[in-house]
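Peer 1: Contents of structure-v6.txt (compact mmCIF, C-alpha atoms) are below:
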```txt
# COMPACT_ATOMS: atom_id res chain seq x y z
CA MET A 1 59.71 -74.87 8.32
CA GLY A 2 58.75 -76.06 3.59
CA ALA A 3 56.34 -78.07 1.92
CA SER A 4 57.10 -80.97 3.89
CA ASP A 5 54.58 -83.43 5.16
CA PRO A 6 53.73 -85.34 7.26
CA GLU A 7 54.83 -82.26 9.10
CA VAL A 8 52.04 -79.75 9.46
CA ALA A 9 53.55 -76.76 7.69
CA PRO A 10 56.95 -75.32 7.50
CA TRP A 11 56.88 -73.21 10.58
CA ALA A 12 55.46 -76.12 12.14
CA ARG A 13 58.05 -78.51 12.03
CA GLY A 14 57.12 -79.99 15.18
CA GLY A 15 54.20 -78.17 16.60
CA ALA A 16 56.29 -75.06 16.42
CA ALA A 17 57.65 -75.83 13.10
CA GLY A 18 54.28 -75.24 11.93
CA MET A 19 55.17 -71.61 12.46
CA ALA A 20 58.02 -71.13 10.16
CA GLY A 21 58.19 -73.43 8.15
CA ALA A 22 57.46 -75.19 6.95
CA GLY A 23 57.09 -78.45 5.77
CA ALA A 24 55.58 -81.22 4.46
CA GLY A 25 55.60 -80.87 6.78
CA ALA A 26 54.18 -79.74 7.01
CA GLY A 27 54.02 -81.77 8.12
CA ALA A 28 55.16 -83.79 9.96
CA ARG A 29 57.30 -82.56 12.54
CA GLY A 30 54.25 -81.07 14.01
CA GLY A 31 53.10 -84.60 14.73
CA ALA A 32 56.51 -85.53 16.10
CA ALA A 33 56.75 -82.62 18.51
CA ALA A 34 53.09 -82.67 19.44
CA GLY A 35 53.56 -85.56 21.82
CA VAL A 36 56.61 -83.96 23.40
CA GLU A 37 55.01 -80.53 23.73
CA ALA A 38 52.02 -82.03 25.50
CA ARG A 39 54.34 -83.07 28.29
CA ALA A 40 55.70 -79.52 28.63
CA ARG A 41 52.19 -78.39 29.47
CA ASP A 42 51.68 -81.01 32.18
CA PRO A 43 51.87 -79.18 35.55
CA PRO A 44 54.84 -80.15 37.75
CA PRO A 45 54.23 -81.69 41.16
CA ALA A 46 52.94 -79.24 43.75
CA HIS A 47 55.84 -80.12 46.03
CA ARG A 48 58.84 -82.45 46.06
CA ALA A 49 58.77 -85.08 48.79
CA HIS A 50 61.36 -84.90 51.54
CA PRO A 51 64.09 -87.56 51.19
CA ARG A 52 63.08 -89.08 54.54
CA HIS A 53 59.46 -89.42 53.70
CA PRO A 54 57.91 -91.62 51.00
CA ARG A 55 56.83 -89.87 47.84
CA PRO A 56 53.13 -90.02 46.96
CA ALA A 57 52.31 -92.20 43.98
CA ALA A 58 52.34 -90.34 40.69
CA GLN A 59 48.98 -89.81 39.08
CA PRO A 60 48.56 -91.17 35.54
CA SER A 61 48.73 -88.50 32.88
CA ALA A 62 46.33 -88.11 29.99
CA ARG A 63 48.85 -89.81 27.73
CA ARG A 64 48.56 -93.06 29.67
CA MET A 65 44.83 -93.21 30.17
CA ASP A 66 44.55 -96.07 27.72
CA GLY A 67 43.08 -98.58 30.10
CA GLY A 68 40.82 -96.44 32.26
CA SER A 69 37.43 -95.04 31.57
CA GLY A 70 36.61 -91.55 30.50
CA GLY A 71 40.12 -90.78 29.29
CA LEU A 72 40.82 -89.36 25.91
CA GLY A 73 41.71 -92.21 23.62
CA SER A 74 40.79 -94.85 26.19
CA GLY A 75 38.79 -98.00 25.71
CA ASP A 76 36.04 -97.71 23.13
CA ASN A 77 36.81 -94.03 22.59
CA ALA A 78 40.22 -94.72 21.00
CA PRO A 79 38.98 -95.18 17.39
CA THR A 80 36.76 -92.11 17.71
CA THR A 81 39.63 -90.02 19.08
CA GLU A 82 41.98 -91.15 16.33
CA ALA A 83 39.36 -90.33 13.69
CA LEU A 84 38.93 -86.91 15.28
CA PHE A 85 42.66 -86.22 15.07
CA VAL A 86 42.70 -87.32 11.43
CA ALA A 87 39.76 -85.02 10.64
CA LEU A 88 41.31 -82.06 12.44
CA GLY A 89 44.62 -82.69 10.70
CA ALA A 90 42.87 -82.79 7.34
CA GLY A 91 41.21 -79.45 8.04
CA VAL A 92 44.46 -77.78 9.01
CA THR A 93 46.20 -79.31 5.99
CA ALA A 94 43.54 -78.04 3.60
CA LEU A 95 43.59 -74.53 5.05
CA SER A 96 47.38 -74.28 4.96
CA HIS A 97 47.78 -75.86 1.51
CA PRO A 98 47.87 -72.59 -0.50
CA LEU A 99 50.69 -71.39 1.76
CA LEU A 100 52.64 -74.59 1.21
CA TYR A 101 51.92 -74.52 -2.52
CA VAL A 102 53.34 -71.02 -2.97
CA LYS A 103 56.35 -71.88 -0.81
CA LEU A 104 57.16 -74.91 -2.98
CA LEU A 105 57.00 -72.89 -6.19
CA ILE A 106 59.39 -70.36 -4.64
CA GLN A 107 61.66 -73.18 -3.48
CA VAL A 108 62.05 -74.52 -7.03
CA GLY A 109 62.88 -70.99 -8.22
CA HIS A 110 59.71 -70.19 -10.15
CA GLU A 111 59.35 -66.39 -10.19
CA PRO A 112 56.76 -65.52 -12.88
CA MET A 113 56.42 -61.88 -11.78
CA PRO A 114 59.14 -59.21 -11.82
CA PRO A 115 60.35 -57.66 -8.56
CA THR A 116 59.22 -54.23 -7.44
CA LEU A 117 61.39 -51.36 -6.24
CA GLY A 118 61.13 -50.43 -2.60
CA THR A 119 63.13 -49.09 0.32
CA ASN A 120 64.43 -50.85 3.41
CA VAL A 121 64.50 -49.54 6.98
CA LEU A 122 67.71 -47.63 6.21
CA GLY A 123 66.09 -45.83 3.29
CA ARG A 124 68.09 -47.68 0.64
CA LYS A 125 66.48 -48.80 -2.60
CA VAL A 126 66.03 -52.55 -2.83
CA LEU A 127 64.14 -54.96 -5.07
CA TYR A 128 61.39 -57.03 -3.49
CA LEU A 129 59.96 -60.18 -5.00
CA PRO A 130 56.17 -60.75 -4.83
CA SER A 131 54.85 -61.78 -1.43
CA PHE A 132 52.65 -64.78 -0.75
CA PHE A 133 49.44 -62.81 -1.34
CA THR A 134 50.60 -61.45 -4.70
CA TYR A 135 51.81 -64.89 -5.75
CA ALA A 136 48.52 -66.50 -4.69
CA LYS A 137 46.56 -63.95 -6.73
CA TYR A 138 48.67 -64.83 -9.75
CA ILE A 139 47.87 -68.54 -9.34
CA VAL A 140 44.17 -67.70 -9.10
CA GLN A 141 44.42 -65.69 -12.33
CA VAL A 142 45.99 -68.65 -14.12
CA ASP A 143 44.16 -71.65 -12.64
CA GLY A 144 41.24 -70.16 -10.72
CA LYS A 145 40.67 -70.49 -6.99
CA ILE A 146 40.67 -74.28 -7.22
CA GLY A 147 44.21 -74.01 -8.54
CA LEU A 148 45.43 -73.07 -5.06
CA PHE A 149 44.67 -76.64 -3.99
CA ARG A 150 46.65 -78.49 -6.63
CA GLY A 151 48.25 -81.60 -5.09
CA LEU A 152 46.04 -81.51 -1.98
CA SER A 153 44.65 -85.06 -2.26
CA PRO A 154 47.95 -86.96 -1.91
CA ARG A 155 49.00 -84.55 0.84
CA LEU A 156 45.83 -85.29 2.81
CA MET A 157 46.47 -89.00 2.39
CA SER A 158 50.08 -88.56 3.49
CA ASN A 159 49.12 -86.71 6.66
CA ALA A 160 46.34 -89.19 7.49
CA LEU A 161 48.71 -92.13 7.03
CA SER A 162 51.26 -90.45 9.27
CA THR A 163 48.69 -89.82 12.01
CA VAL A 164 47.34 -93.37 11.90
CA THR A 165 50.88 -94.78 11.91
CA ARG A 166 51.86 -92.81 14.99
CA GLY A 167 48.66 -93.82 16.78
CA SER A 168 49.19 -97.49 15.94
CA MET A 169 52.80 -97.38 17.11
CA LYS A 170 51.76 -95.89 20.46
CA LYS A 171 49.42 -98.85 20.95
CA VAL A 172 52.05 -101.43 19.99
CA PHE A 173 54.93 -99.67 21.78
CA PRO A 174 53.25 -97.65 24.56
CA PRO A 175 55.51 -94.96 26.03
CA ASP A 176 56.66 -95.40 29.60
CA GLU A 177 55.30 -93.01 32.17
CA ILE A 178 57.83 -90.20 32.41
CA GLU A 179 57.40 -87.92 35.38
CA GLN A 180 58.42 -84.33 34.77
CA VAL A 181 61.51 -83.32 36.72
CA SER A 182 62.51 -79.69 37.17
CA ASN A 183 64.74 -79.74 40.27
CA LYS A 184 68.38 -78.89 39.53
CA ASP A 185 69.55 -81.44 42.09
CA ASP A 186 68.09 -84.22 39.92
CA MET A 187 69.53 -83.16 36.58
CA LYS A 188 71.11 -86.51 35.72
CA THR A 189 67.86 -88.39 36.11
CA SER A 190 65.96 -85.62 34.38
CA LEU A 191 68.28 -85.66 31.36
CA LYS A 192 67.98 -89.44 31.06
CA LYS A 193 64.20 -89.10 30.92
CA VAL A 194 64.39 -86.43 28.23
CA VAL A 195 66.77 -88.57 26.16
CA LYS A 196 64.49 -91.59 26.50
CA GLU A 197 61.44 -89.53 25.62
CA THR A 198 63.08 -87.93 22.59
CA SER A 199 64.34 -91.29 21.35
CA TYR A 200 60.79 -92.61 21.45
CA GLU A 201 59.47 -89.60 19.54
CA MET A 202 62.28 -89.93 16.99
CA MET A 203 61.41 -93.56 16.34
CA MET A 204 57.75 -92.74 15.72
CA GLN A 205 58.55 -89.78 13.50
CA CYS A 206 61.05 -91.67 11.36
CA VAL A 207 58.71 -94.61 10.79
CA SER A 208 55.72 -92.39 9.95
CA ARG A 209 57.91 -90.27 7.67
CA MET A 210 59.15 -93.29 5.70
CA LEU A 211 55.66 -94.72 5.22
CA ALA A 212 54.10 -91.41 4.16
CA HIS A 213 56.99 -90.16 2.00
CA PRO A 214 55.82 -91.75 -1.30
CA LEU A 215 52.58 -89.75 -1.08
CA HIS A 216 54.59 -86.65 -0.21
CA VAL A 217 56.65 -87.11 -3.40
CA ILE A 218 53.48 -87.41 -5.47
CA SER A 219 52.03 -84.27 -3.88
CA MET A 220 55.19 -82.26 -4.58
CA ARG A 221 55.26 -83.31 -8.23
CA CYS A 222 51.59 -82.52 -8.72
CA MET A 223 52.16 -79.00 -7.42
CA VAL A 224 55.29 -78.14 -9.43
CA GLN A 225 53.48 -79.04 -12.67
CA PHE A 226 52.23 -75.46 -12.49
CA VAL A 227 55.65 -74.29 -13.68
CA GLY A 228 55.61 -76.08 -17.04
CA ARG A 229 51.83 -76.51 -17.30
CA GLU A 230 52.27 -80.29 -17.44
CA ALA A 231 49.70 -82.94 -16.59
CA LYS A 232 51.98 -85.93 -16.07
CA TYR A 233 50.92 -86.53 -12.47
CA SER A 234 47.15 -86.29 -12.17
CA GLY A 235 45.86 -88.94 -9.78
CA VAL A 236 47.43 -90.89 -6.95
CA LEU A 237 47.12 -94.33 -8.54
CA SER A 238 48.31 -93.20 -11.98
CA SER A 239 51.20 -91.32 -10.38
CA ILE A 240 52.25 -94.44 -8.47
CA GLY A 241 52.32 -96.36 -11.74
CA LYS A 242 54.39 -93.70 -13.53
CA ILE A 243 56.96 -93.39 -10.76
CA PHE A 244 57.38 -97.16 -10.42
CA LYS A 245 57.72 -97.61 -14.19
CA GLU A 246 60.23 -94.79 -14.72
CA GLU A 247 62.23 -94.76 -11.48
CA GLY A 248 61.52 -98.04 -9.75
CA LEU A 249 60.87 -98.46 -6.05
CA LEU A 250 63.56 -95.94 -5.08
CA GLY A 251 61.66 -93.23 -6.94
CA PHE A 252 59.14 -93.12 -4.10
CA PHE A 253 61.85 -92.27 -1.58
CA VAL A 254 63.86 -89.53 -3.28
CA GLY A 255 64.54 -86.74 -0.81
CA LEU A 256 63.79 -88.96 2.19
CA ILE A 257 67.25 -88.79 3.81
CA PRO A 258 67.42 -84.98 4.23
CA HIS A 259 63.87 -84.99 5.60
CA LEU A 260 64.77 -87.67 8.14
CA LEU A 261 67.94 -85.84 9.15
CA GLY A 262 65.99 -82.62 9.56
CA ASP A 263 63.41 -84.37 11.74
CA VAL A 264 66.08 -85.91 13.97
CA VAL A 265 68.03 -82.66 14.38
CA PHE A 266 64.82 -80.77 15.08
CA LEU A 267 63.57 -83.15 17.77
CA TRP A 268 66.86 -83.43 19.64
CA GLY A 269 67.71 -79.76 19.32
CA CYS A 270 64.26 -78.57 20.42
CA ASN A 271 63.88 -80.98 23.34
CA LEU A 272 67.39 -80.66 24.75
CA LEU A 273 67.46 -76.86 24.49
CA ALA A 274 64.05 -76.58 26.14
CA HIS A 275 65.14 -79.00 28.87
CA PHE A 276 68.33 -77.14 29.77
CA ILE A 277 66.57 -73.76 29.73
CA ASN A 278 63.78 -75.03 31.99
CA ALA A 279 66.22 -76.76 34.32
CA TYR A 280 68.95 -74.13 34.61
CA LEU A 281 67.34 -70.79 33.83
CA VAL A 282 63.80 -71.18 35.20
CA ASP A 283 63.75 -71.49 38.99
CA ASP A 284 60.94 -73.39 40.68
CA SER A 285 60.55 -70.60 43.23
CA PHE A 286 59.54 -68.17 40.48
CA SER A 287 55.77 -67.65 40.51
CA GLN A 288 55.46 -67.83 36.72
CA ALA A 289 57.79 -70.81 36.28
CA LEU A 290 55.02 -73.09 35.02
CA ALA A 291 53.83 -70.58 32.44
CA ILE A 292 57.36 -69.97 31.17
CA ARG A 293 58.08 -73.68 30.87
CA SER A 294 54.90 -74.21 28.88
CA TYR A 295 56.18 -71.84 26.17
CA THR A 296 59.86 -72.77 26.16
CA LYS A 297 59.49 -75.74 23.83
CA PHE A 298 57.27 -73.72 21.48
CA VAL A 299 59.85 -70.93 21.19
CA MET A 300 62.71 -73.40 20.82
CA GLY A 301 60.71 -75.18 18.10
CA ILE A 302 60.53 -72.00 16.04
CA ALA A 303 64.23 -71.29 16.45
CA VAL A 304 65.37 -74.83 15.65
CA SER A 305 62.99 -75.11 12.69
CA MET A 306 64.68 -72.09 11.11
CA LEU A 307 68.08 -73.76 11.50
CA THR A 308 66.86 -77.03 10.00
CA TYR A 309 65.07 -75.39 7.07
CA PRO A 310 67.85 -76.29 4.57
CA PHE A 311 67.10 -79.99 5.15
CA LEU A 312 63.46 -79.32 4.25
CA LEU A 313 64.43 -77.36 1.13
CA VAL A 314 66.89 -79.97 -0.13
CA GLY A 315 64.42 -82.79 0.48
CA ASP A 316 61.66 -81.05 -1.48
CA LEU A 317 63.97 -80.18 -4.37
CA MET A 318 65.21 -83.76 -4.61
CA ALA A 319 61.60 -85.00 -4.71
CA VAL A 320 60.98 -83.14 -7.99
CA ASN A 321 64.48 -83.22 -9.48
CA ASN A 322 64.95 -84.97 -12.84
CA CYS A 323 61.44 -86.46 -12.83
CA GLY A 324 60.50 -85.24 -16.31
CA LEU A 325 58.97 -81.98 -15.15
CA GLN A 326 60.28 -78.57 -16.16
CA ALA A 327 60.65 -77.47 -12.52
CA GLY A 328 63.18 -80.23 -11.90
CA LEU A 329 65.33 -79.65 -14.99
CA PRO A 330 67.60 -76.85 -16.24
CA PRO A 331 67.33 -73.88 -16.23
CA TYR A 332 65.31 -74.11 -13.01
CA SER A 333 67.57 -76.71 -11.48
CA PRO A 334 70.63 -78.79 -12.38
CA VAL A 335 70.25 -82.55 -12.36
CA PHE A 336 71.60 -83.46 -8.94
CA LYS A 337 73.51 -86.69 -8.35
CA SER A 338 72.57 -86.80 -4.67
CA TRP A 339 71.07 -84.67 -1.92
CA ILE A 340 74.60 -83.71 -0.85
CA HIS A 341 75.25 -82.38 -4.37
CA CYS A 342 72.02 -80.37 -4.10
CA TRP A 343 73.05 -78.99 -0.70
CA LYS A 344 76.48 -77.91 -1.95
CA TYR A 345 74.98 -76.25 -5.02
CA LEU A 346 72.48 -74.24 -2.96
CA SER A 347 75.20 -73.33 -0.47
CA VAL A 348 77.47 -71.92 -3.19
CA GLN A 349 74.55 -69.96 -4.62
CA GLY A 350 73.58 -68.64 -1.18
CA GLN A 351 70.12 -70.19 -1.57
CA LEU A 352 69.92 -72.62 1.36
CA PHE A 353 67.08 -70.58 2.86
CA ARG A 354 65.19 -69.91 -0.38
CA GLY A 355 61.47 -69.85 0.33
CA SER A 356 61.84 -69.51 4.09
CA SER A 357 60.18 -66.08 3.95
CA LEU A 358 56.88 -65.46 2.17
CA LEU A 359 56.22 -61.82 3.06
CA PHE A 360 59.37 -59.72 2.70
CA ARG A 361 61.41 -61.32 -0.06
CA ARG A 362 64.41 -59.27 -1.08
CA VAL A 363 66.26 -60.04 -4.31
CA SER A 364 69.56 -61.69 -3.42
CA SER A 365 72.86 -60.45 -4.81
CA GLY A 366 73.20 -63.55 -6.97
CA SER A 367 69.82 -63.10 -8.63
CA CYS A 368 69.32 -62.35 -12.29
CA PHE A 369 67.38 -59.23 -11.27
CA ALA A 370 69.38 -56.05 -10.76
CA LEU A 371 68.79 -52.38 -10.08
CA GLU A 372 69.08 -50.18 -13.11
```
Would you mind giving the structure from this file in structure tokens?
Peer 2:
Amino acid sequence: MGASDPEVAPWARGGAAGMAGAGAGAGARGGAAAGVEARARDPPPAHRAHPRHPRPAAQPSARRMDGGSGGLGSGDNAPTTEALFVALGAGVTALSHPLLYVKLLIQVGHEPMPPTLGTNVLGRKVLYLPSFFTYAKYIVQVDGKIGLFRGLSPRLMSNALSTVTRGSMKKVFPPDEIEQVSNKDDMKTSLKKVVKETSYEMMMQCVSRMLAHPLHVISMRCMVQFVGREAKYSGVLSSIGKIFKEEGLLGFFVGLIPHLLGDVVFLWGCNLLAHFINAYLVDDSFSQALAIRSYTKFVMGIAVSMLTYPFLLVGDLMAVNNCGLQAGLPPYSPVFKSWIHCWKYLSVQGQLFRGSSLLFRRVSSGSCFALE
């Protein structure tokens, strides 16, 4: 779900998390869940062999066609395929950047425009904060259209580094062939395969997240400079120098822990829920079982990404907190001692899901705005 990369967007925390969120993100979990979701689309065996008869040898899937010819990512085509994924990721990142930019400004509490009076479905008068489109128009008025892409360069570099890292790890630690199991009689074996598969995805996501996080921090700080009209973080190299001089090596990894926790919870929650639903609720005899299974992980990804959104929010706020920018200092934000302190503060304020919605944004009861 937040401005979290290397996830592909906040609703795309994991392929599906690209749909709600977030993240950064965007991230990011999209890359982590992409490998797992590809397996959900692999068709199950046409029939299950009888116990008394030998089972036909499993055919290699597209994921393992790394030694054959003609396969995607095989042989001499591997560098070309990886470059294609990087290019496609860069295009998606650039197109979704204005959305992520507005979400981050909302996350830090920057509301430059007053709310408008409206009515809800029950006919009661409520105050609505500006939607994404209104907010984006305001940014264009202040900085021009190019202003919608503030902080894009380090974010592109972060996503590219994450993609290359995951591709390199798959070559060094190739995943074992995991045959899809959907028969209820083989649940124990099936669950073991899902656990092994998710553990592998978690390892790749955590490593790529840690390597790309410094660039994510730089991107976040470049974007929130809109609040105070600062120019402290302008280029990637100069930003690296400033962070290292003022905060040391740890300054590049502020907000990393909540992002990692969010990734881990998302992957395990999404994969296990999808597995149990496909195994217990979707019967193989049902004619549309394959189609339903292909969408289960996607739907579960959206649901789990909404539940893990607070991790994304806390991680992004910690990345800009007390870094010398107005958006990370009072009155916008207290100076947090740790990410747990930040979580508790947002929880007390009822703001753990701040920025999760960009269209219908009602003024909360604890807001400074009030009906007259």
Peer 1: State, in Å with one decimal place, the distance from CA of Phe311 (chain A) to CA of His259 (chain A).
Peer 2: 6.0 Å
Peer 1: Closest to Gly91 (chain A) among A:Leu104, A:Leu156, A:Met169, A:Ala279, using all atoms listed in the file?
Peer 2: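 Residue with the minimum atom-to-atom distance to Gly91 (chain A): A:Leu156.
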Peer 1: To one decimal in Å, tell me the separation between CA of Leu148 (chain A) and CA of Val102 (chain A).
Peer 2: 8.4 Å
Peer 1: Give the answer as one residue: which of A:Val207, A:Leu317, A:Leu358, A:Ile257 has the shortest atom-to-atom distance to Tyr345 (chain A), using all atoms listed in the file?
Peer 2: A:Leu317
Peer 1: From the list A:Gly269, A:Gly144, A:Pro331, A:Pro214, which residue is nearest Met300 (chain A) when using all atoms listed in the file?
Peer 2: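 Smallest separation from Met300 (chain A) among the options: A:Gly269.
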Peer 1: For region 326-336 of chain A of the structure just presented, write all heavy atoms to a file, as an mmCIF file, in the first residue's frame.
Peer 2:
```cif
data_model
loop_
_atom_site.group_PDB
_atom_site.id
_atom_site.type_symbol
_atom_site.label_atom_id
_atom_site.label_comp_id
_atom_site.auth_asym_id
_atom_site.auth_seq_id
_atom_site.Cartn_x
_atom_site.Cartn_y
_atom_site.Cartn_z
ATOM 1 N N GLN A 326 11.464 20.652 7.158
ATOM 2 C CA GLN A 326 10.286 21.089 7.899
ATOM 3 C C GLN A 326 9.262 19.967 8.043
ATOM 4 O O GLN A 326 8.588 19.867 9.079
ATOM 5 C CB GLN A 326 9.647 22.282 7.183
ATOM 6 C CG GLN A 326 8.463 22.897 7.921
ATOM 7 C CD GLN A 326 7.928 24.145 7.226
ATOM 8 O OE1 GLN A 326 8.673 24.821 6.515
ATOM 9 N NE2 GLN A 326 6.651 24.428 7.421
ATOM 10 N N ALA A 327 9.147 19.106 7.046
ATOM 11 C CA ALA A 327 8.154 18.033 7.094
ATOM 12 C C ALA A 327 8.455 17.001 8.169
ATOM 13 O O ALA A 327 7.559 16.266 8.583
ATOM 14 C CB ALA A 327 8.077 17.341 5.729
ATOM 15 N N GLY A 328 9.693 16.949 8.636
ATOM 16 C CA GLY A 328 10.057 15.977 9.650
ATOM 17 C C GLY A 328 10.267 16.580 11.023
ATOM 18 O O GLY A 328 10.838 15.922 11.912
ATOM 19 N N LEU A 329 9.806 17.797 11.217
ATOM 20 C CA LEU A 329 9.966 18.494 12.496
ATOM 21 C C LEU A 329 8.623 19.056 12.948
ATOM 22 O O LEU A 329 7.688 19.168 12.145
ATOM 23 C CB LEU A 329 10.989 19.630 12.346
ATOM 24 C CG LEU A 329 12.430 19.219 12.005
ATOM 25 C CD1 LEU A 329 13.253 20.451 11.641
ATOM 26 C CD2 LEU A 329 13.062 18.459 13.169
ATOM 27 N N PRO A 330 8.478 19.397 14.234
ATOM 28 C CA PRO A 330 7.238 20.034 14.687
ATOM 29 C C PRO A 330 6.988 21.313 13.897
ATOM 30 O O PRO A 330 7.951 21.995 13.514
ATOM 31 C CB PRO A 330 7.513 20.326 16.159
ATOM 32 C CG PRO A 330 8.566 19.325 16.553
ATOM 33 C CD PRO A 330 9.419 19.165 15.324
ATOM 34 N N PRO A 331 5.741 21.670 13.589
ATOM 35 C CA PRO A 331 4.499 21.055 14.083
ATOM 36 C C PRO A 331 3.994 19.881 13.241
ATOM 37 O O PRO A 331 2.985 19.279 13.576
ATOM 38 C CB PRO A 331 3.513 22.208 14.006
ATOM 39 C CG PRO A 331 3.971 22.998 12.813
ATOM 40 C CD PRO A 331 5.476 22.905 12.827
ATOM 41 N N TYR A 332 4.686 19.590 12.118
ATOM 42 C CA TYR A 332 4.213 18.495 11.274
ATOM 43 C C TYR A 332 4.388 17.147 11.963
ATOM 44 O O TYR A 332 3.562 16.250 11.813
ATOM 45 C CB TYR A 332 4.974 18.494 9.939
ATOM 46 C CG TYR A 332 4.500 19.550 8.978
ATOM 47 C CD1 TYR A 332 5.145 20.785 8.894
ATOM 48 C CD2 TYR A 332 3.396 19.340 8.168
ATOM 49 C CE1 TYR A 332 4.711 21.766 8.016
ATOM 50 C CE2 TYR A 332 2.950 20.303 7.283
ATOM 51 C CZ TYR A 332 3.611 21.519 7.220
ATOM 52 O OH TYR A 332 3.160 22.491 6.370
ATOM 53 N N SER A 333 5.472 17.007 12.682
ATOM 54 C CA SER A 333 5.760 15.718 13.297
ATOM 55 C C SER A 333 6.658 15.911 14.513
ATOM 56 O O SER A 333 7.577 16.730 14.478
ATOM 57 C CB SER A 333 6.455 14.796 12.284
ATOM 58 O OG SER A 333 6.937 13.631 12.916
ATOM 59 N N PRO A 334 6.415 15.162 15.587
ATOM 60 C CA PRO A 334 7.356 15.160 16.704
ATOM 61 C C PRO A 334 8.664 14.508 16.268
ATOM 62 O O PRO A 334 8.722 13.846 15.237
ATOM 63 C CB PRO A 334 6.645 14.319 17.771
ATOM 64 C CG PRO A 334 5.236 14.177 17.318
ATOM 65 C CD PRO A 334 5.251 14.287 15.828
ATOM 66 N N VAL A 335 9.696 14.696 17.041
ATOM 67 C CA VAL A 335 10.951 14.003 16.783
ATOM 68 C C VAL A 335 10.859 12.639 17.461
ATOM 69 O O VAL A 335 10.831 12.543 18.685
ATOM 70 C CB VAL A 335 12.152 14.798 17.321
ATOM 71 C CG1 VAL A 335 13.442 14.000 17.142
ATOM 72 C CG2 VAL A 335 12.253 16.147 16.615
ATOM 73 N N PHE A 336 10.780 11.599 16.673
ATOM 74 C CA PHE A 336 10.572 10.257 17.210
ATOM 75 C C PHE A 336 11.898 9.627 17.627
ATOM 76 O O PHE A 336 12.916 9.757 16.941
ATOM 77 C CB PHE A 336 9.888 9.365 16.169
ATOM 78 C CG PHE A 336 8.533 9.848 15.749
ATOM 79 C CD1 PHE A 336 8.280 10.212 14.436
ATOM 80 C CD2 PHE A 336 7.494 9.946 16.674
ATOM 81 C CE1 PHE A 336 7.034 10.653 14.042
ATOM 82 C CE2 PHE A 336 6.242 10.392 16.298
ATOM 83 C CZ PHE A 336 6.004 10.749 14.973
#
```
